[in-house]
Every structure is written in C-alpha cells, then in structure tokens.
Amino acid sequence: MKLLVTGGAGFMGSYFVKYVLHERTDWEIFTYDKLTYAGDTSKLADIMESDRHTFIEGDIVDGPHVEEVIAYYSVDAIVNFAAETHVDNSIEKADPFIRTNITGTHTLLEVARKYGIRMLQISTDEVYGSIEEGRAAETHCFEPNSPYSASKASADLLCRAYYQTYGVDVVGTHACNVIGPYQYSEKFLPTIVTNLLQDKQVPLYGDGMNAREWMYVEDHARAILLLLEQAASGERYNIGSGAEISNREMITKVLEIMGKDTSYITYVEDRKGHDRRYALDTRNIRALGWEPQYSLEETLRYVVRWYTENQSWWQETKSTQTNDNA
Ligand SMILES: NC(=O)c1ccc[n+]([C@@H]2O[C@H](COP(=O)([O-])OP(=O)(O)OC[C@H]3O[C@@H](n4cnc5c(N)ncnc54)[C@H](O)[C@@H]3O)[C@@H](O)[C@H]2O)c1
C-alpha cells in the first residue's frame, strides 16, 4: 500500500502517519503538507529518515502538483487531514477555511476520481451543530454554526456527491474532540496546560457548561486505519469516545492534576455561535470492532506530562487564544 496523507504535519495527521508506519510494516507513506502555522516537520522527526516515508511540501488546492505526486509515486489511497482547524480563526476570517477545506477537498476528490483510488475524508462532529439531547447518528442533518464547521460540512457534501455522481470510492468520518501530544497551543487543552505551566489564568467561554466528548489521538488513528481498510464505499462513520464533560469540568480536572485551584479560571465573553453540546452515536464504527482504549483521566495525565516535558516545542508559537474546538 502506498498512502498519501495530506495534512500529515499537523497534530492528528502526524500521529496517524507514525502509527501506520508502525502497524503496517510493508506500507509506504507520503506526507503532503503546506506547513501553515499549524504544521511542522518536527512532529515527524523520528521518521524523516525512514525509507518508507517521504515528506512533500505542497498545497492541496494545487491540483497539478497533487496529481504529479499521485502519479509519480503510484499512490493507492489518500487520507485527508489537511484543513484550517481553529474555529475562532474562522470567525475572524473565513477565506482560508473556504479555500483549503472546500476547494482543497474538491481538488483531492478530482484526483481520486481520475486515478480511481480510495479517499478517506477526516471531518468533525461539529457539522451536526449543537445536539441538545441524545446523540447524533450519521443520518443526522448537517446544521453547522461556525464558518469552520460549515466548510467541513461543505467538503463532506462534496464527498457524498462524488460518490453518488462518479462512484468515487470515498469514505467520510466525524470525530469528536481529539487530544494528545503536539496539538497546537491555540486549542482548548493545550491552552489550559501551557497557560498553567506559565502560571497564567485560563480563559473559559460563557458559563463553561458547553459539553464535548474527548478522545486520545491514538484511538482516532486506530479508527482511521480500520476504516481505510474495511469501510464500505460512500459511507460516513462517527468516531466518538463517549467521554463527555463540560469545559468547566475539563479545566477543573487539569487544575487538579497540576495541583492548582479554581482561582486560575477567568470567565470570558462567550464565542459567537458557540455550540452547547456535541455527542455522537458510534454504533456503526463499533460494529466494525473499534472502541476507544484510553480513558480520559489517563489521557489528561499523559498530555499534561507531555507539555511539561516538551516546553521548547510549544513555547515559541504559543498563542494567547482559547478555544474548545479540541
Ligand atoms: N483536532 C480535533 O479535535 C478534530 C476533531 C475532529 C476532526 N478534526 C479534523 O481533523 C483534521 C486534522 O486536525 P488537526 O487538529 O490535526 O489540525 P492541525 O491544524 O493540527 O493540522 C492541519 C494540518 O493541515 C496542513 N494544511 C493546512 N492547509 C493546507 C493546505 N492547503 N494544503 C496542505 N496542507 C495544509 C497544516 O499545515 C497542518 O499541518 C482536520 O481536517 C480537522 O478538521 C479535528
């Protein structure tokens, strides 16, 4: 198998690349990434010299370049992690989200169509909008409330259309919030941990009762490998942990782990269009034999330890924003 992983220098993509190289010892991986502010090859340092891994700098919107790579390396499948991912940035300026998340996905679909190869599109639970009660199954309608989630939903609809119209072998996923090492400091958990490591206040949107599910990045990587190999063409799969807590509870747990009290929390004005709750029905992927292996407690302890021991990685680019888009 020769696999192209777009966005493979980002948080979840880089973990997936390393995971697959370890789990499938006869596979070759081509990491394709634009290296935006969120991408860097230090995450791939362990495998940059591997003869089963090649890094290519490029933009998924650049159709001719993507096609050249697919043809030159005889790629068998694409997994698309590449995206603009920070909700607050999309509220400030949506243009790059429309470009990369929608036009970029369209470019990859066109190439997958031309070369007759499988494409797996990584998407989010945020496309379903706020789920006040119960859990969203894959059949739930799309009701995105931020420019970020609208751009992801648009890409998901293009995937559906390319399957229905052209028979492109495309599979879609909707994951809950993912956490782990090498997540950019703008995101919710890294903001909490890195602010506390710098003895700073932790901002919390609104009343802090917005609830999300949280999953360790390896559980996500295992789900994507399973779906790449076993999912039915044209299907979409939810990937959720069931570990649902409010943002306030999340901060409180991290404060406890780091031996600090709740005086470090600063309540700030709520985000525009802030979804109250995300919750996924995961029966379809569980029927294929997947289930999360890491508890939220052990994941949080590990992530705190990782950011404590890897301060040089996040200190240079540390953002002052917060967000609960994972
Ligand atoms: N982090 C989460 O909790 C979460 C949850 C569900 C779904 N997702 C989805 O998973 C995917 C990966 O998320 P992440 O948190 O790892 O993101 P990230 O921001 O850490 O990484 C995104 C990567 O994409 C690259 N990229 C951006 N624009 C590009 C372009 N035009 N061409 C090529 N590469 C480009 C960046 O350089 C970066 O390496 C995204 O599609 C996101 O929507 C994330």
# chains A, B, ... in the order shown; residues from 1 in each chain; ligands from 1
call {"tool": "residues_around", "arguments": {"residues": "region 42-54 of chain A", "least_positions_apart": "6", "cutoff": "10 Å", "atoms": "only C-alpha atoms", "output": "list in words"}}
result
Lys2, Leu3, Leu4, Gly8, Ala9, Gly10, Phe11, Gly13, Ser14, Tyr15, Val17, Lys18, Leu21, Thr25, Asp26, Trp27, Glu28, Ile29, Phe30, Thr31, Tyr32, Pro181, Tyr182, Gln183 and Trp313 of chain A
call {"tool": "residues_near_ligand", "arguments": {"ligand": "ligand 1", "cutoff": "7 Å", "atoms": "only C-alpha atoms and all ligand atoms", "output": "JSON, numbers by chain"}}
result
{"A": [6, 7, 8, 9, 10, 11, 12, 13, 32, 33, 34, 35, 36, 37, 38, 39, 40, 58, 59, 60, 61, 80, 81, 82, 83, 84, 85, 86, 100, 104, 122, 123, 124, 125, 152, 174, 175, 176, 177, 178, 179, 183, 184, 325, 326]}
call {"tool": "residues_around", "arguments": {"residues": "region 290-298 of chain A", "least_positions_apart": "4", "cutoff": "8 Å", "atoms": "only C-alpha atoms", "output": "ChimeraX atom specification"}}
result
/A:214-216,219,222-223,226,241,243,285-286,302
call {"tool": "write_last_selection", "arguments": {"atoms": "all heavy atoms", "output": "CSV table (one decimal), in the first residue's frame"}}
result
chain,number,residue,atom,x,y,z
A,214,TRP,N,-14.2,13.8,24.4
A,214,TRP,CA,-12.8,13.9,24.2
A,214,TRP,C,-12.2,12.5,24.0
A,214,TRP,O,-12.5,11.6,24.7
A,214,TRP,CB,-12.2,14.5,25.5
A,214,TRP,CG,-12.7,15.9,25.7
A,214,TRP,CD1,-13.9,16.2,26.5
A,214,TRP,CD2,-12.3,17.2,25.2
A,214,TRP,NE1,-14.1,17.5,26.4
A,214,TRP,CE2,-13.2,18.2,25.7
A,214,TRP,CE3,-11.2,17.5,24.4
A,214,TRP,CZ2,-13.0,19.5,25.4
A,214,TRP,CZ3,-11.1,18.9,24.0
A,214,TRP,CH2,-11.9,19.8,24.5
A,215,MET,N,-11.2,12.5,23.1
A,215,MET,CA,-10.6,11.2,22.7
A,215,MET,C,-9.1,11.3,22.5
A,215,MET,O,-8.6,12.3,22.0
A,215,MET,CB,-11.3,10.7,21.4
A,215,MET,CG,-10.7,9.4,20.9
A,215,MET,SD,-11.8,8.7,19.6
A,215,MET,CE,-12.0,10.1,18.5
A,216,TYR,N,-8.4,10.3,22.9
A,216,TYR,CA,-6.9,10.3,22.7
A,216,TYR,C,-6.6,10.1,21.2
A,216,TYR,O,-7.3,9.3,20.5
A,216,TYR,CB,-6.3,9.2,23.6
A,216,TYR,CG,-4.8,9.2,23.5
A,216,TYR,CD1,-4.1,10.4,23.7
A,216,TYR,CD2,-4.1,8.1,23.2
A,216,TYR,CE1,-2.7,10.4,23.6
A,216,TYR,CE2,-2.7,8.1,23.1
A,216,TYR,CZ,-2.0,9.3,23.3
A,216,TYR,OH,-0.6,9.3,23.2
A,219,ASP,N,-6.5,6.6,19.7
A,219,ASP,CA,-7.8,5.9,19.4
A,219,ASP,C,-8.3,6.4,18.1
A,219,ASP,O,-8.9,5.6,17.3
A,219,ASP,CB,-8.8,6.2,20.5
A,219,ASP,CG,-8.5,5.4,21.8
A,219,ASP,OD1,-8.0,4.2,21.6
A,219,ASP,OD2,-8.7,5.9,22.9
A,222,ARG,N,-6.3,4.7,15.2
A,222,ARG,CA,-6.7,3.3,15.0
A,222,ARG,C,-8.0,3.2,14.2
A,222,ARG,O,-8.2,2.3,13.4
A,222,ARG,CB,-6.8,2.6,16.4
A,222,ARG,CG,-6.9,1.1,16.3
A,222,ARG,CD,-6.7,0.3,17.6
A,222,ARG,NE,-6.5,1.2,18.7
A,222,ARG,CZ,-7.5,1.7,19.5
A,222,ARG,NH1,-8.7,1.3,19.3
A,222,ARG,NH2,-7.2,2.5,20.5
A,223,ALA,N,-8.9,4.1,14.5
A,223,ALA,CA,-10.2,4.1,13.8
A,223,ALA,C,-10.0,4.4,12.3
A,223,ALA,O,-10.6,3.8,11.5
A,223,ALA,CB,-11.1,5.2,14.5
A,226,LEU,N,-8.6,1.4,10.5
A,226,LEU,CA,-9.6,0.4,10.3
A,226,LEU,C,-10.6,0.8,9.2
A,226,LEU,O,-10.9,-0.1,8.3
A,226,LEU,CB,-10.4,0.3,11.7
A,226,LEU,CG,-11.7,-0.6,11.6
A,226,LEU,CD1,-11.3,-2.1,11.8
A,226,LEU,CD2,-12.6,-0.2,12.8
A,241,SER,N,-15.8,9.0,21.7
A,241,SER,CA,-15.3,8.2,22.9
A,241,SER,C,-16.4,8.0,23.9
A,241,SER,O,-16.3,7.1,24.7
A,241,SER,CB,-14.2,9.0,23.5
A,241,SER,OG,-14.8,10.2,24.1
A,243,ALA,N,-16.8,9.9,26.3
A,243,ALA,CA,-16.3,10.6,27.5
A,243,ALA,C,-16.7,12.1,27.4
A,243,ALA,O,-15.9,12.9,26.9
A,243,ALA,CB,-14.8,10.4,27.6
A,285,ILE,N,-19.3,2.4,13.8
A,285,ILE,CA,-17.8,2.0,13.8
A,285,ILE,C,-17.6,0.9,14.9
A,285,ILE,O,-16.7,0.0,14.7
A,285,ILE,CB,-16.9,3.2,14.0
A,285,ILE,CG1,-15.5,2.8,13.8
A,285,ILE,CG2,-17.1,3.9,15.4
A,285,ILE,CD1,-14.5,3.9,13.6
A,286,ARG,N,-18.4,0.9,16.0
A,286,ARG,CA,-18.2,-0.1,17.0
A,286,ARG,C,-18.6,-1.5,16.4
A,286,ARG,O,-18.0,-2.5,16.8
A,286,ARG,CB,-19.0,0.2,18.2
A,286,ARG,CG,-18.3,1.3,19.1
A,286,ARG,CD,-19.2,1.7,20.2
A,286,ARG,NE,-18.6,2.9,20.8
A,286,ARG,CZ,-17.9,3.0,21.9
A,286,ARG,NH1,-17.6,1.8,22.6
A,286,ARG,NH2,-17.4,4.1,22.4
A,302,TYR,N,-1.3,12.1,30.8
A,302,TYR,CA,-0.3,11.9,29.8
A,302,TYR,C,0.0,13.3,29.1
A,302,TYR,O,1.1,13.7,28.9
A,302,TYR,CB,-0.6,10.8,28.8
A,302,TYR,CG,0.5,10.7,27.8
A,302,TYR,CD1,1.8,10.4,28.1
A,302,TYR,CD2,0.2,11.1,26.4
A,302,TYR,CE1,2.8,10.4,27.1
A,302,TYR,CE2,1.1,11.1,25.5
A,302,TYR,CZ,2.4,10.7,25.8
A,302,TYR,OH,3.4,10.7,24.8
call {"tool": "select_by_dssp", "arguments": {"residues": "region 137-213 of chain A", "states": "strand (DSSP E)", "output": "list in words"}}
result
Val170, Val171, Gly172, Thr173, His174, Ala175, Asn177, Val178, Ile179, Val202, Pro203, Leu204, Tyr205, Ala211, Arg212 and Glu213 of chain A
call {"tool": "closest_residue", "arguments": {"among": "A:Phe97, A:Phe188, A:Tyr72, A:Tyr267", "to": "Tyr205 (chain A)", "atoms": "only C-alpha atoms"}}
result
A:Tyr267
call {"tool": "residues_around", "arguments": {"residues": "Tyr264 (chain A)", "least_positions_apart": "6", "cutoff": "12 Å", "atoms": "only C-alpha atoms", "output": "list in words"}}
result
Ile192, Val193, Asn195, Leu196, Leu197, Gln198, Asp199, Lys200, Gln201, Val202, Pro203, Leu204, Arg248, Ile251, Thr252, Val254, Leu255, Glu256 and Met258 of chain A
call {"tool": "write_last_selection", "arguments": {"atoms": "all heavy atoms", "output": "compact mmCIF listing (two decimals), in the first residue's frame"}}
result
# COMPACT_ATOMS: atom_id res chain seq x y z
N ILE A 192 -5.05 25.38 28.20
CA ILE A 192 -5.15 25.22 29.66
C ILE A 192 -3.78 24.84 30.23
O ILE A 192 -3.27 25.49 31.15
CB ILE A 192 -6.16 24.11 30.04
CG1 ILE A 192 -7.54 24.37 29.45
CG2 ILE A 192 -6.25 23.96 31.56
CD1 ILE A 192 -8.50 23.19 29.61
N VAL A 193 -3.20 23.79 29.66
CA VAL A 193 -1.96 23.23 30.24
C VAL A 193 -0.81 24.24 30.12
O VAL A 193 -0.09 24.48 31.09
CB VAL A 193 -1.60 21.89 29.57
CG1 VAL A 193 -0.29 21.35 30.15
CG2 VAL A 193 -2.71 20.87 29.75
N ASN A 195 -0.90 27.54 29.65
CA ASN A 195 -1.10 28.72 30.50
C ASN A 195 -0.73 28.41 31.94
O ASN A 195 -0.04 29.20 32.60
CB ASN A 195 -2.57 29.19 30.45
CG ASN A 195 -2.85 30.08 29.26
OD1 ASN A 195 -2.12 30.03 28.28
ND2 ASN A 195 -3.90 30.86 29.32
N LEU A 196 -1.17 27.25 32.42
CA LEU A 196 -0.89 26.91 33.82
C LEU A 196 0.61 26.68 34.02
O LEU A 196 1.16 27.05 35.06
CB LEU A 196 -1.69 25.67 34.24
CG LEU A 196 -3.21 25.91 34.34
CD1 LEU A 196 -3.94 24.60 34.64
CD2 LEU A 196 -3.55 26.95 35.41
N LEU A 197 1.27 26.10 33.03
CA LEU A 197 2.73 25.92 33.15
C LEU A 197 3.44 27.27 33.23
O LEU A 197 4.52 27.38 33.79
CB LEU A 197 3.27 25.11 31.96
CG LEU A 197 2.97 23.60 32.01
CD1 LEU A 197 3.36 22.93 30.68
CD2 LEU A 197 3.71 22.92 33.16
N GLN A 198 2.80 28.31 32.64
CA GLN A 198 3.39 29.65 32.70
C GLN A 198 2.78 30.48 33.85
O GLN A 198 2.97 31.69 33.90
CB GLN A 198 3.16 30.38 31.37
CG GLN A 198 3.92 29.72 30.22
CD GLN A 198 3.67 30.43 28.89
OE1 GLN A 198 2.58 30.91 28.61
NE2 GLN A 198 4.69 30.49 28.05
N ASP A 199 2.04 29.79 34.72
CA ASP A 199 1.38 30.42 35.87
C ASP A 199 0.44 31.56 35.45
O ASP A 199 0.33 32.58 36.13
CB ASP A 199 2.42 30.94 36.88
CG ASP A 199 1.84 30.94 38.29
OD1 ASP A 199 1.07 30.01 38.62
OD2 ASP A 199 2.14 31.90 39.04
N LYS A 200 -0.25 31.33 34.31
CA LYS A 200 -1.21 32.34 33.82
C LYS A 200 -2.63 31.87 34.07
O LYS A 200 -2.88 30.66 34.26
CB LYS A 200 -1.04 32.52 32.30
CG LYS A 200 0.24 33.24 31.90
CD LYS A 200 0.24 33.39 30.39
CE LYS A 200 1.53 34.01 29.90
NZ LYS A 200 1.76 33.76 28.48
N GLN A 201 -3.59 32.81 33.97
CA GLN A 201 -5.00 32.48 34.07
C GLN A 201 -5.45 31.65 32.87
O GLN A 201 -4.86 31.74 31.79
CB GLN A 201 -5.83 33.77 34.10
CG GLN A 201 -5.68 34.59 35.35
CD GLN A 201 -6.30 33.88 36.56
OE1 GLN A 201 -5.58 33.49 37.46
NE2 GLN A 201 -7.60 33.72 36.58
N VAL A 202 -6.53 30.87 33.07
CA VAL A 202 -7.10 30.06 31.99
C VAL A 202 -8.45 30.65 31.61
O VAL A 202 -9.35 30.69 32.45
CB VAL A 202 -7.28 28.59 32.45
CG1 VAL A 202 -7.96 27.78 31.37
CG2 VAL A 202 -5.94 27.99 32.81
N PRO A 203 -8.61 31.13 30.35
CA PRO A 203 -9.90 31.71 29.97
C PRO A 203 -10.95 30.62 29.70
O PRO A 203 -10.64 29.57 29.17
CB PRO A 203 -9.57 32.46 28.67
CG PRO A 203 -8.32 31.85 28.16
CD PRO A 203 -7.62 31.16 29.28
N LEU A 204 -12.19 30.90 30.11
CA LEU A 204 -13.29 29.94 29.90
C LEU A 204 -14.48 30.70 29.31
O LEU A 204 -14.97 31.68 29.89
CB LEU A 204 -13.66 29.30 31.25
CG LEU A 204 -14.79 28.28 31.27
CD1 LEU A 204 -14.53 27.12 30.30
CD2 LEU A 204 -14.99 27.74 32.68
N ARG A 248 -15.95 23.41 31.81
CA ARG A 248 -15.57 23.77 33.18
C ARG A 248 -15.00 22.55 33.93
O ARG A 248 -13.99 22.65 34.61
CB ARG A 248 -16.78 24.34 33.93
CG ARG A 248 -16.38 25.01 35.24
CD ARG A 248 -17.44 25.95 35.74
NE ARG A 248 -18.62 25.25 36.23
CZ ARG A 248 -19.78 25.83 36.49
NH1 ARG A 248 -19.94 27.12 36.30
NH2 ARG A 248 -20.80 25.14 36.94
N ILE A 251 -11.43 21.86 32.69
CA ILE A 251 -10.41 22.73 33.31
C ILE A 251 -10.17 22.29 34.75
O ILE A 251 -9.02 22.22 35.22
CB ILE A 251 -10.83 24.22 33.23
CG1 ILE A 251 -10.86 24.68 31.78
CG2 ILE A 251 -9.88 25.09 34.06
CD1 ILE A 251 -11.10 26.16 31.57
N THR A 252 -11.27 21.97 35.45
CA THR A 252 -11.12 21.58 36.86
C THR A 252 -10.26 20.32 37.00
O THR A 252 -9.41 20.23 37.88
CB THR A 252 -12.52 21.35 37.48
OG1 THR A 252 -13.30 22.52 37.23
CG2 THR A 252 -12.44 21.12 38.97
N VAL A 254 -7.90 19.33 34.96
CA VAL A 254 -6.49 19.66 34.68
C VAL A 254 -5.88 20.43 35.86
O VAL A 254 -4.73 20.18 36.25
CB VAL A 254 -6.35 20.46 33.36
CG1 VAL A 254 -4.90 20.84 33.12
CG2 VAL A 254 -6.88 19.64 32.19
N LEU A 255 -6.68 21.33 36.45
CA LEU A 255 -6.19 22.07 37.62
C LEU A 255 -5.79 21.09 38.73
O LEU A 255 -4.74 21.23 39.37
CB LEU A 255 -7.27 23.04 38.14
CG LEU A 255 -7.47 24.31 37.31
CD1 LEU A 255 -8.76 25.02 37.72
CD2 LEU A 255 -6.29 25.26 37.45
N GLU A 256 -6.64 20.07 38.93
CA GLU A 256 -6.35 19.06 39.98
C GLU A 256 -5.05 18.34 39.68
O GLU A 256 -4.18 18.19 40.55
CB GLU A 256 -7.49 18.04 40.03
CG GLU A 256 -8.62 18.44 40.95
CD GLU A 256 -9.81 17.50 40.78
OE1 GLU A 256 -9.60 16.31 40.40
OE2 GLU A 256 -10.93 17.98 40.99
N MET A 258 -2.60 19.32 37.95
CA MET A 258 -1.43 20.20 38.05
C MET A 258 -1.29 20.85 39.42
O MET A 258 -0.44 21.73 39.61
CB MET A 258 -1.49 21.25 36.92
CG MET A 258 -1.41 20.57 35.54
SD MET A 258 -1.42 21.71 34.14
CE MET A 258 0.20 22.45 34.25
